[in-house]
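Peer 1: Compact mmCIF, C-alpha atoms, saved as start.txt, coming up:
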# COMPACT_ATOMS: atom_id res chain seq x y z
CA MET R 237 116.03 88.44 128.05
CA THR R 238 117.45 85.87 125.61
CA LEU R 239 120.73 86.34 123.79
CA SER R 240 118.77 87.03 120.59
CA ASP R 241 116.71 89.72 122.35
CA GLN R 242 119.91 91.32 123.62
CA GLN R 243 121.45 91.32 120.13
CA HIS R 244 118.28 92.84 118.71
CA ARG R 245 118.28 95.54 121.38
CA ALA R 246 121.94 96.26 120.67
CA SER R 247 121.14 96.62 116.98
CA GLU R 248 118.35 99.08 117.72
CA ASP R 249 120.69 101.12 119.92
CA VAL R 250 123.23 101.31 117.11
CA ILE R 251 120.57 102.27 114.57
CA LEU R 252 119.28 104.92 116.98
CA ASP R 253 122.77 106.45 117.00
CA TYR R 254 122.73 106.57 113.21
CA VAL R 255 119.29 108.19 113.20
CA ARG R 256 120.47 110.80 115.74
CA ARG R 257 123.52 111.61 113.64
CA HIS R 258 121.57 111.94 110.40
CA LEU R 259 118.84 113.97 112.10
CA GLY R 260 121.50 116.41 113.27
CA ALA R 261 122.77 116.79 109.72
CA VAL R 262 119.27 117.17 108.27
CA ILE R 263 118.00 119.67 110.83
CA GLY R 264 121.21 121.64 111.19
CA ASP R 265 119.50 123.62 113.93
CA PRO R 266 121.75 124.31 116.95
CA GLU R 267 118.75 124.39 119.30
CA LEU R 268 117.60 120.94 118.27
CA LEU R 269 121.08 119.49 118.26
CA HIS R 270 120.94 119.66 122.06
CA THR R 271 117.55 117.90 122.22
CA ASP R 272 117.76 114.46 123.77
CA ILE R 273 116.54 112.18 121.00
CA THR R 274 115.12 108.91 122.31
CA MET R 275 112.99 106.13 120.84
CA ASP R 276 109.89 108.01 122.05
CA THR R 277 110.77 111.35 120.45
CA THR R 278 108.18 112.32 117.83
CA PHE R 279 109.30 113.85 114.54
CA GLY R 280 106.28 116.13 114.27
CA GLY R 281 105.53 117.14 117.87
CA ASP R 282 108.93 117.10 119.59
CA LEU R 283 111.34 117.85 116.75
CA GLU R 284 108.94 119.81 114.53
CA LEU R 285 110.67 118.18 111.63
CA GLU R 286 109.54 119.58 108.30
CA SER R 287 108.11 117.00 105.93
CA ILE R 288 110.90 117.66 103.43
CA GLU R 289 113.43 117.07 106.22
CA PHE R 290 111.90 113.66 106.90
CA VAL R 291 112.30 112.83 103.18
CA ALA R 292 115.98 113.82 103.46
CA LEU R 293 116.36 111.65 106.58
CA ALA R 294 114.80 108.64 104.83
CA GLU R 295 117.14 109.19 101.87
CA ARG R 296 120.17 109.31 104.18
CA LEU R 297 119.13 106.12 105.97
CA ARG R 298 118.61 104.35 102.66
CA THR R 299 122.07 105.44 101.54
CA GLU R 300 123.54 104.37 104.89
CA PHE R 301 121.89 100.97 105.14
CA GLY R 302 121.37 100.11 101.47
CA GLU R 303 118.39 99.13 99.34
CA LEU R 304 117.10 96.75 102.01
CA VAL R 305 115.79 99.78 103.86
CA ASN R 306 113.00 100.80 101.52
CA PHE R 307 110.63 103.33 103.01
CA VAL R 308 107.94 102.72 100.37
CA ALA R 309 106.52 99.79 102.30
CA PHE R 310 106.80 101.67 105.60
CA LEU R 311 105.02 104.80 104.36
CA ALA R 312 102.53 103.31 101.89
CA ASN R 313 99.95 102.62 104.59
CA LYS R 314 100.49 105.80 106.58
CA HIS R 315 98.38 108.89 106.16
CA VAL R 316 99.65 112.42 106.32
CA ASP R 317 98.18 112.80 109.83
CA ASP R 318 100.08 109.74 111.07
CA MET R 319 103.34 111.56 110.42
CA VAL R 320 102.74 113.96 113.30
CA SER R 321 102.89 111.18 115.90
CA LEU R 322 105.57 109.08 114.17
CA THR R 323 108.40 108.38 116.62
CA VAL R 324 112.13 107.93 116.17
CA GLY R 325 111.56 104.43 117.59
CA ASP R 326 109.08 103.60 114.78
CA VAL R 327 111.80 104.33 112.22
CA VAL R 328 114.55 102.58 114.20
CA ARG R 329 112.44 99.43 114.58
CA TYR R 330 111.52 99.51 110.89
CA VAL R 331 115.19 99.78 109.84
CA ALA R 332 116.06 96.95 112.26
CA SER R 333 113.31 94.76 110.77
CA CYS R 334 114.58 95.44 107.23
CA LEU R 335 118.10 94.42 108.19
CA GLN R 336 117.04 91.41 110.22
CA GLY R 337 117.82 88.18 108.43
CA SER R 338 120.01 89.92 105.89
CA SER R 339 123.73 89.24 105.64
CA GLN R 340 124.33 92.90 106.47
CA SER R 341 124.50 93.14 110.26
CA VAL R 342 124.34 96.45 112.07
CA PRO R 343 127.59 96.06 114.07
CA GLU R 344 129.37 95.72 110.70
CA LEU R 345 127.82 98.97 109.63
CA GLN R 346 129.05 100.62 112.78
CA ALA R 347 132.62 99.86 111.76
CA HIS R 348 132.01 101.83 108.54
CA GLY R 349 130.31 104.69 110.33
CA MET H 220 118.88 109.25 94.20
CA ALA H 221 118.71 112.75 95.59
CA GLU H 222 120.17 115.31 93.20
CA LEU H 223 120.18 115.72 89.44
CA HIS H 224 121.14 118.51 87.09
CA ALA H 225 118.50 119.29 84.49
CA ASN H 226 118.12 122.36 82.29
CA GLY H 227 121.07 123.94 84.09
CA VAL H 228 119.59 123.69 87.57
CA ARG H 229 120.17 121.27 90.47
CA LEU H 230 116.96 119.47 91.35
CA HIS H 231 116.17 117.35 94.41
CA VAL H 232 114.61 114.17 93.03
CA GLN H 233 113.14 111.06 94.62
CA ARG H 234 112.42 107.99 92.53
CA LEU H 235 110.37 105.35 94.33
CA GLY H 236 109.88 101.75 93.32
CA PRO H 237 110.06 99.13 92.12
CA VAL H 238 109.15 97.32 95.32
CA PRO H 239 110.46 93.78 95.84
CA GLY H 240 107.74 91.20 95.22
CA VAL H 241 105.43 93.58 93.34
CA PRO H 242 105.29 93.20 89.54
CA PRO H 243 106.21 96.50 87.84
CA SER H 244 103.29 98.17 86.03
CA GLY H 245 105.53 99.62 83.32
CA LYS H 246 104.11 103.08 84.02
CA THR H 247 106.20 106.05 85.13
CA ILE H 248 104.25 108.61 87.13
CA VAL H 249 105.74 112.08 87.66
CA LEU H 250 104.33 114.17 90.50
CA LEU H 251 104.40 117.98 90.21
CA HIS H 252 103.80 120.06 93.34
CA GLY H 253 102.44 123.56 93.90
CA LEU H 254 104.04 126.97 94.44
CA ILE H 255 105.86 128.75 97.28
CA VAL H 256 105.00 126.82 100.46
CA ASP H 257 104.91 123.47 98.69
CA ASP H 258 107.54 120.86 97.83
CA LEU H 259 107.76 117.17 96.96
CA SER H 260 106.94 116.12 100.52
CA SER H 261 103.25 116.89 99.85
CA TYR H 262 103.26 113.86 97.58
CA TYR H 263 105.74 111.81 99.59
CA PHE H 264 103.27 111.63 102.49
CA THR H 265 100.13 111.18 100.39
CA LEU H 266 100.27 109.53 96.95
CA ALA H 267 103.87 108.68 96.11
CA ASN H 268 104.48 105.69 98.34
CA PRO H 269 101.10 103.98 97.79
CA LEU H 270 101.53 104.35 94.00
CA ALA H 271 105.07 102.92 94.21
CA ALA H 272 103.83 100.08 96.43
CA ALA H 273 101.34 99.18 93.67
CA GLY H 274 104.20 98.65 91.21
CA HIS H 275 104.46 102.06 89.54
CA ASP H 276 107.75 103.84 88.90
CA VAL H 277 107.18 107.12 90.76
CA VAL H 278 109.29 110.24 90.23
CA LEU H 279 108.85 113.29 92.42
CA TYR H 280 111.04 116.36 92.57
CA ASP H 281 111.24 119.80 94.12
CA LEU H 282 110.58 122.49 91.51
CA ARG H 283 113.41 125.02 91.18
CA GLY H 284 113.41 127.43 94.09
CA HIS H 285 111.43 125.00 96.25
CA GLY H 286 112.25 122.35 98.87
CA HIS H 287 115.83 121.14 98.57
CA SER H 288 116.30 122.11 94.91
CA GLU H 289 118.55 124.95 93.82
CA ARG H 290 117.11 128.46 94.03
CA PRO H 291 118.40 130.45 91.06
CA LEU H 292 117.55 134.16 90.98
CA THR H 293 115.70 133.88 87.68
CA GLY H 294 113.96 131.35 85.46
CA TYR H 295 110.53 130.89 87.07
CA ALA H 296 108.38 131.23 83.96
CA LEU H 297 106.00 128.39 83.19
CA SER H 298 108.19 127.62 80.15
CA ASP H 299 111.19 127.19 82.51
CA GLY H 300 109.21 124.72 84.62
CA ILE H 301 108.33 122.76 81.49
CA ALA H 302 111.97 122.82 80.30
CA ASP H 303 113.09 121.61 83.76
CA LEU H 304 110.67 118.67 83.54
CA ASP H 305 111.79 117.85 80.00
CA GLY H 306 115.44 118.00 81.13
CA LEU H 307 114.70 115.85 84.16
CA LEU H 308 113.09 113.10 82.07
CA THR H 309 116.12 113.13 79.77
CA ALA H 310 118.51 113.02 82.74
CA LEU H 311 116.58 110.04 84.13
CA ASP H 312 116.72 108.36 80.71
CA ILE H 313 112.92 108.20 80.57
CA HIS H 314 111.81 108.35 76.95
CA ARG H 315 108.43 106.65 76.94
CA PRO H 316 105.34 108.81 77.64
CA VAL H 317 104.83 109.46 81.34
CA HIS H 318 101.74 109.96 83.48
CA LEU H 319 101.78 113.44 84.98
CA VAL H 320 100.03 114.45 88.19
CA GLY H 321 99.85 118.18 88.92
CA ASN H 322 98.68 119.67 92.20
CA SER H 323 97.73 123.36 92.01
CA TYR H 324 100.52 125.12 90.03
CA GLY H 325 101.93 121.68 89.13
CA GLY H 326 98.84 121.29 86.93
CA ALA H 327 100.01 124.21 84.78
CA ILE H 328 103.33 122.46 84.17
CA ALA H 329 101.53 119.18 83.37
CA ILE H 330 99.13 120.76 80.86
CA GLY H 331 101.92 122.91 79.41
CA MET H 332 104.08 119.81 78.98
CA ALA H 333 101.22 117.96 77.24
CA ILE H 334 100.78 120.85 74.80
CA THR H 335 104.46 121.48 74.06
CA HIS H 336 105.81 117.90 74.31
CA PRO H 337 102.87 115.65 73.37
CA ASP H 338 105.18 112.69 72.75
CA ARG H 339 106.33 112.85 76.39
CA VAL H 340 102.89 112.63 78.05
CA ALA H 341 100.53 109.63 78.29
CA ASP H 342 97.90 111.35 80.43
CA VAL H 343 97.45 114.11 83.00
CA THR H 344 95.82 114.14 86.41
CA MET H 345 94.88 117.56 87.72
CA ILE H 346 94.42 117.87 91.47
CA GLU H 347 93.03 121.36 91.90
CA GLY H 348 95.35 122.13 88.99
CA HIS H 349 95.90 125.52 87.41
CA TYR H 350 96.58 125.84 83.69
CA ALA H 351 97.66 128.81 81.63
CA ASP H 352 94.31 130.03 80.39
CA GLN H 353 93.34 133.73 80.19
CA GLY H 354 94.06 135.46 83.52
CA PHE H 355 96.56 132.85 84.76
CA GLY H 356 99.46 135.31 85.22
CA GLU H 357 97.31 137.80 87.15
CA GLU H 358 95.88 135.03 89.34
CA MET H 359 99.34 133.69 90.20
CA THR H 360 100.61 137.20 90.98
CA GLU H 361 97.62 137.85 93.21
CA THR H 362 98.30 134.62 95.13
CA LEU H 363 101.96 135.56 95.64
CA GLY H 364 100.84 139.01 96.78
CA LEU H 365 98.53 137.46 99.37
CA VAL H 366 101.35 135.28 100.69
CA THR H 367 103.78 138.22 100.99
CA GLU H 368 101.15 140.40 102.59
CA GLY H 369 100.20 137.63 105.02
CA ILE H 370 103.80 136.96 106.05
CA ASN H 371 104.52 140.65 106.60
CA ASP H 372 101.36 141.20 108.61
CA GLU H 373 102.06 141.38 112.35
CA LYS H 374 98.99 139.37 113.30
CA TRP H 375 99.91 136.61 110.86
CA ARG H 376 103.51 136.57 112.00
CA THR H 377 102.33 135.96 115.56
CA TRP H 378 99.96 133.28 114.34
CA LEU H 379 102.80 131.60 112.43
CA ALA H 380 105.21 131.83 115.36
CA GLU H 381 102.66 130.12 117.59
CA ARG H 382 102.64 127.20 115.19
CA GLY H 383 106.34 126.70 115.77
CA ARG H 384 109.58 126.31 113.95
CA LYS H 385 108.21 124.24 111.08
CA THR H 386 105.56 126.71 109.93
CA MET H 387 107.86 129.70 110.46
CA LYS H 388 110.59 128.14 108.34
CA LEU H 389 108.11 127.37 105.58
CA ALA H 390 106.82 130.94 105.65
CA ARG H 391 110.30 132.48 105.68
CA ARG H 392 111.43 130.34 102.77
CA GLY H 393 108.29 131.22 100.83
CA ALA H 394 108.71 134.93 101.46
CA SER H 395 112.35 134.77 100.44
CA LEU H 396 111.46 133.01 97.17
CA ILE H 397 109.03 135.80 96.30
CA GLU H 398 111.26 138.65 97.46
CA ASN H 399 114.62 137.46 96.15
CA THR H 400 113.83 135.88 92.81
CA SER H 401 112.07 136.86 89.59
CA ILE H 402 109.19 134.45 90.26
CA GLU H 403 106.51 137.14 90.51
CA GLN H 404 107.43 138.97 87.30
CA ASP H 405 108.05 135.69 85.46
CA LEU H 406 104.61 134.34 86.31
CA ARG H 407 102.90 137.66 85.63
CA ALA H 408 104.36 137.59 82.11
CA THR H 409 102.93 134.14 81.30
CA VAL H 410 101.39 134.02 77.83
CA PRO H 411 98.22 131.91 78.06
CA HIS H 412 97.89 128.83 75.86
CA PRO H 413 95.65 129.49 72.86
CA ARG H 414 92.27 127.87 73.50
CA ALA H 415 92.83 125.90 70.26
CA ALA H 416 95.93 124.27 71.81
CA LEU H 417 93.89 123.11 74.78
CA GLN H 418 91.09 121.87 72.52
CA ALA H 419 93.61 119.93 70.44
CA LEU H 420 94.80 117.88 73.45
CA GLU H 421 94.13 114.23 72.73
CA ILE H 422 95.30 112.71 75.99
CA PRO H 423 92.94 111.58 78.77
CA ILE H 424 92.70 114.06 81.64
CA LEU H 425 91.54 113.11 85.12
CA ALA H 426 90.52 116.28 86.94
CA ILE H 427 89.74 116.20 90.67
CA TYR H 428 88.60 119.44 92.29
CA GLY H 429 86.89 120.58 95.46
CA GLY H 430 83.26 121.63 95.26
CA ALA H 431 84.02 124.64 97.49
CA SER H 432 87.20 125.58 95.62
CA GLU H 433 87.56 128.80 93.69
CA MET H 434 89.29 126.67 91.04
CA LEU H 435 86.08 124.83 90.17
CA GLU H 436 85.09 127.14 87.33
CA ARG H 437 88.51 126.58 85.75
CA ALA H 438 87.94 122.84 86.02
CA ARG H 439 84.56 123.08 84.30
CA THR H 440 86.16 125.11 81.48
CA LEU H 441 88.85 122.44 81.11
CA GLU H 442 86.14 119.78 80.92
CA ARG H 443 84.40 121.74 78.14
CA LEU H 444 87.60 122.37 76.19
CA VAL H 445 89.32 118.98 76.34
CA ALA H 446 87.22 116.10 75.12
CA GLY H 447 88.96 113.39 77.14
CA THR H 448 88.45 115.00 80.54
CA LEU H 449 86.87 113.12 83.43
CA LEU H 450 85.96 115.67 86.10
CA ILE H 451 85.37 114.50 89.66
CA VAL H 452 84.08 117.14 92.07
CA LEU H 453 84.44 116.46 95.79
CA PRO H 454 81.68 118.37 97.59
CA ASP H 455 82.68 120.76 100.43
CA LEU H 456 86.43 120.49 99.78
CA ASP H 457 88.46 123.61 99.05
CA HIS H 458 91.84 123.89 97.32
CA ARG H 459 93.38 121.46 99.78
CA VAL H 460 92.12 118.31 98.06
CA LEU H 461 95.52 116.59 98.10
CA PHE H 462 95.72 116.72 101.91
CA ASN H 463 92.07 116.28 102.78
CA ALA H 464 91.28 113.47 100.35
CA ALA H 465 94.61 111.62 99.99
CA PRO H 466 93.27 108.06 100.54
CA TYR H 467 90.49 108.68 98.00
CA LEU H 468 92.98 110.13 95.50
CA CYS H 469 95.09 106.97 95.85
CA GLU H 470 92.03 104.84 95.18
CA VAL H 471 91.02 106.86 92.11
CA LEU H 472 94.56 106.98 90.71
CA LEU H 473 95.03 103.22 91.08
CA TRP H 474 91.66 102.76 89.35
CA TRP H 475 92.69 105.19 86.57
CA TYR H 476 96.13 103.66 86.00
CA ALA H 477 94.57 100.18 85.86
CA GLY H 478 92.92 101.44 82.67
CA SER H 479 89.44 101.69 84.17
CA ARG H 480 87.09 104.32 82.77
CA GLY H 481 83.46 105.26 83.28
CA GLU H 482 82.14 105.43 86.83
CA ALA H 483 84.92 106.47 89.21
CA PRO H 484 85.16 105.11 92.78
CA LEU H 485 82.68 106.73 95.14
CA TRP H 486 83.87 109.57 97.40
CA VAL H 487 82.82 109.23 101.02
CA PRO H 488 83.70 112.41 102.93
CA PRO H 489 85.36 111.95 106.33
CA GLU H 490 83.46 113.13 109.38
CA VAL H 491 86.18 115.45 110.67
CA PRO H 492 86.04 119.03 109.36
CA PHE H 493 88.55 120.06 106.71
CA GLU H 494 91.32 122.48 107.59
CA PRO H 495 92.61 125.04 105.10
CA ALA H 496 96.29 124.73 104.16
CA PRO H 497 98.84 126.90 106.01
CA LEU H 498 99.22 130.13 104.03
CA SER H 499 96.65 129.00 101.47
CA ARG H 500 94.51 131.56 99.68
CA ALA H 501 91.55 130.37 101.72
CA MET H 502 93.37 130.90 104.99
CA LEU H 503 94.85 134.23 103.98
CA ALA H 504 91.48 135.44 102.80
CA SER H 505 90.03 134.73 106.28
CA ARG H 506 92.60 136.71 108.31
CA PRO H 507 92.47 136.30 112.09
Represent the structure contained in this file as structure tokens.

Peer 2:
Amino acid sequence: MTLSDQQHRASEDVILDYVRRHLGAVIGDPELLHTDITMDTTFGGDLELESIEFVALAERLRTEFGELVNFVAFLANKHVDDMVSLTVGDVVRYVASCLQGSSQSVPELQAHG
Amino acid sequence: MAELHANGVRLHVQRLGPVPGVPPSGKTIVLLHGLIVDDLSSYYFTLANPLAAAGHDVVLYDLRGHGHSERPLTGYALSDGIADLDGLLTALDIHRPVHLVGNSYGGAIAIGMAITHPDRVADVTMIEGHYADQGFGEEMTETLGLVTEGINDEKWRTWLAERGRKTMKLARRGASLIENTSIEQDLRATVPHPRAALQALEIPILAIYGGASEMLERARTLERLVAGTLLIVLPDLDHRVLFNAAPYLCEVLLWWYAGSRGEAPLWVPPEVPFEPAPLSRAMLASRP
């Protein structure tokens, strides 16, 4: 693994923590708060996230990471059925790709968190 | 943006676009969802993002009592829904005519807005849309009755529980809206629009309905009454057109907003069978 790969991986781990935290706030369900949320966890199947809860999550991530994280492009080519199998990792990787190359690095964001 | 106050109520609002690198179309499209078990997410996962990606300014919000908007105890008349929309446009500083899309009950708000605030509306798209013609109040009340009856029925409760947390939450929230607010009596008391008001509409209307939907007769009446109506009937589809034909709807809407008229894009039905919506009239009518 190159240094760049390691940095990228670290960024994804940090973003995953943000997603976990915001998911907890959005769901507010004590049962789910104890669910182990990994990159492979699906929003529809594993978390049974309501569609409106996903909208709230996307809104929170956009507020957290700024306008660079625009879910329009991410969702424009997805169909309603795709949402069932969408994973936490899909969202984490998308956020990471939005932030990549920008001046806003994820470790900086962590300091604000 | 997530929350706005309009007409004295807190509304959950999403405004999508513009998208970097895509020239803005200059059109604002406002998406109006259906009643009880519906909210803005129906559009978020179907039409909203593709329309925004094409350069449109897309506004979607949860109607009062629905989704993440405030749930006041009263104020669920059609006129309240229209006043909420008017207040929302003002709060968003949108003063040019907008393009309204109404799914199911959202259609009634769209048509009502076009009649009462003609300067606010450029055109209307009805997706299986209701409108306040004769019998509207009774029809809405009957639908709410079916939902309540279905949720309170033991067999349906088991069926819902088997579908997990998501469906149960949706059902509970829907039942609570009907039981704890004035929505039923407010809708029952709706005064229909005079036919002359519908006939006087001068805006273009794009109407997309399912061939197997019980709304189809309403759509044909709308086509007869309003001269600028383009009716597209999708064979075999029921009330759930938005979910079962989302890619086609995107194609037609992009065609419509590009200013195209005449022959609409061709509908090619998917090979998989269509499923009725959870707690839809169709599903409730075919009890397990």

Peer 1: Just to confirm, what's the straight-line distance from atom CA of Ala438 of chain H to atom CA of Glu347 of chain H in Å (one decimal)?

Peer 2: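 Between atom CA of Ala438 of chain H and atom CA of Glu347 of chain H the gap works out to 7.9 Å.
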
Peer 1: When you get a sec, could you note down which chain H residues fall within 7 Å of chain R, using all atoms listed in the file, as a list in words?

Peer 2: Ser260, Phe264, Thr265, Asn268, Pro269, Ala271, Ala272, Gly286, Arg384 and Lys385 of chain H

Peer 1: Choose the residue, out of R:Leu335, R:Val320, R:Val250, R:Ile273, that has the smallest atom-to-atom separation from Glu303 of chain R; count all atoms listed in the file.

Peer 2: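 The closest residue to Glu303 of chain R is R:Leu335.
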
Peer 1: Can you build me a table of segment 377-421 of chain H residues sitting at most 12 Å from segment 300-316 of chain H, with the closest atom pair per residue and its distance in Å to one decimal, using all atoms listed in the file, sorted by chain and residue number, as JSON lines?

Peer 2:
{"residue": "H:Ile402", "atom": "CA", "partner": "H:Gly300", "partner_atom": "CA", "distance": 11.2}
{"residue": "H:Asp405", "atom": "CA", "partner": "H:Gly300", "partner_atom": "CA", "distance": 11.1}
{"residue": "H:Leu406", "atom": "CA", "partner": "H:Gly300", "partner_atom": "CA", "distance": 10.8}
{"residue": "H:Thr409", "atom": "CA", "partner": "H:Gly300", "partner_atom": "CA", "distance": 11.8}

Peer 1: Could you please take those selected residues and save C-alpha atoms as a short mmCIF file (atom, residue, chain, number, x, y, z; two decimals), keeping the file's coordinate frame?

Peer 2:
data_model
loop_
_atom_site.label_atom_id
_atom_site.label_comp_id
_atom_site.auth_asym_id
_atom_site.auth_seq_id
_atom_site.Cartn_x
_atom_site.Cartn_y
_atom_site.Cartn_z
CA ILE H 402 109.19 134.45 90.26
CA ASP H 405 108.05 135.69 85.46
CA LEU H 406 104.61 134.34 86.31
CA THR H 409 102.93 134.14 81.30
#

Peer 1: Do you have the atom CA of Glu421 of chain H-atom CA of Pro337 of chain H distance handy?

Peer 2: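 Rounded to one decimal, the two atoms are 8.9 Å apart.
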
Peer 1: Find the residue from R:Ile263, R:Leu252, R:Val305, R:Val328 that sits nearest to Val238 of chain H; use only C-alpha atoms when measuring.

Peer 2: R:Val305

Peer 1: Out of R:Asp282, R:Glu300, R:Asp276, R:Asp326, which residue has the shortest atom-to-atom distance to Tyr254 of chain R when counting all atoms listed in the file?

Peer 2: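 Among the listed residues, R:Glu300 lies closest to Tyr254 of chain R.
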
Peer 1: Around (91.8, 126.1, 70.5) in the file's frame, which residues reach within 12 Å when counting only C-alpha atoms? Return as a VMD selection string?

Peer 2: chain H and resid 334 352 411 to 420 441 443 to 446

Peer 1: Between H:His252, H:His287, H:Arg391, H:Arg439, which residue has the minimum interatomic distance to Gly369 of chain H, considering all atoms listed in the file?

Peer 2: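 Of the candidates, the smallest distance to Gly369 of chain H is held by H:Arg391.
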
Peer 1: From the list R:Cys334, R:Val262, R:Ile251, R:Val324, which residue is nearest Leu293 of chain R when using all atoms listed in the file?

Peer 2: R:Val262

Peer 1: Which residues are near Ala329 of chain H? Cut-off 7 Å, all atoms listed in the file, ignore same chain within fewer than 3 positions. Put them as a ChimeraX atom specification.

Peer 2: /H:319-321,325-326,332-333,343

Peer 1: Step by step: start from the point (89.7, 108.7, 76.1) in the file's coordinates, keep every protein, DNA or RNA residue that has an atom no farther than 12 Å from it, count all atoms listed in the file, and write the set as a PyMOL selection string.

Peer 2: chain H and resi 341-343+420-425+445-449+475+478-481

Peer 1: Output C-alpha atoms of each residue in that selection to a file, as a PDB file, in the coordinates of the input.

Peer 2:
ATOM      1  CA  ALA H 341     100.530 109.630  78.290  1.00  0.00           C
ATOM      2  CA  ASP H 342      97.900 111.350  80.430  1.00  0.00           C
ATOM      3  CA  VAL H 343      97.450 114.110  83.000  1.00  0.00           C
ATOM      4  CA  LEU H 420      94.800 117.880  73.450  1.00  0.00           C
ATOM      5  CA  GLU H 421      94.130 114.230  72.730  1.00  0.00           C
ATOM      6  CA  ILE H 422      95.300 112.710  75.990  1.00  0.00           C
ATOM      7  CA  PRO H 423      92.940 111.580  78.770  1.00  0.00           C
ATOM      8  CA  ILE H 424      92.700 114.060  81.640  1.00  0.00           C
ATOM      9  CA  LEU H 425      91.540 113.110  85.120  1.00  0.00           C
ATOM     10  CA  VAL H 445      89.320 118.980  76.340  1.00  0.00           C
ATOM     11  CA  ALA H 446      87.220 116.100  75.120  1.00  0.00           C
ATOM     12  CA  GLY H 447      88.960 113.390  77.140  1.00  0.00           C
ATOM     13  CA  THR H 448      88.450 115.000  80.540  1.00  0.00           C
ATOM     14  CA  LEU H 449      86.870 113.120  83.430  1.00  0.00           C
ATOM     15  CA  TRP H 475      92.690 105.190  86.570  1.00  0.00           C
ATOM     16  CA  GLY H 478      92.920 101.440  82.670  1.00  0.00           C
ATOM     17  CA  SER H 479      89.440 101.690  84.170  1.00  0.00           C
ATOM     18  CA  ARG H 480      87.090 104.320  82.770  1.00  0.00           C
ATOM     19  CA  GLY H 481      83.460 105.260  83.280  1.00  0.00           C
TER      20      GLY H 481
END

Peer 1: Kindly give the distance, in Å, that separates atom CA of Ile248 of chain H and atom CA of Val228 of chain H, rounded to a single decimal.

Peer 2: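 For atom CA of Ile248 of chain H relative to atom CA of Val228 of chain H, the distance reads 21.5 Å.
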
Peer 1: With distances taken over only C-alpha atoms, which residue among R:Val331, R:Ala294, R:Leu259, R:Met275 lies nearest Tyr263 of chain H?

Peer 2: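 Selected residue with least distance to Tyr263 of chain H: R:Ala294.
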
Peer 1: Take every atom of segment 404-415 of chain H listed in the file, pad by 8 Å on each side, and give me the axis-aligned box centre and edge lengths in Å, one decimal, as lines of an AutoDock Vina configuration file.

Peer 2:
center_x = 100.2
center_y = 132.4
center_z = 78.8
size_x = 31.8
size_y = 29.1
size_z = 33.0
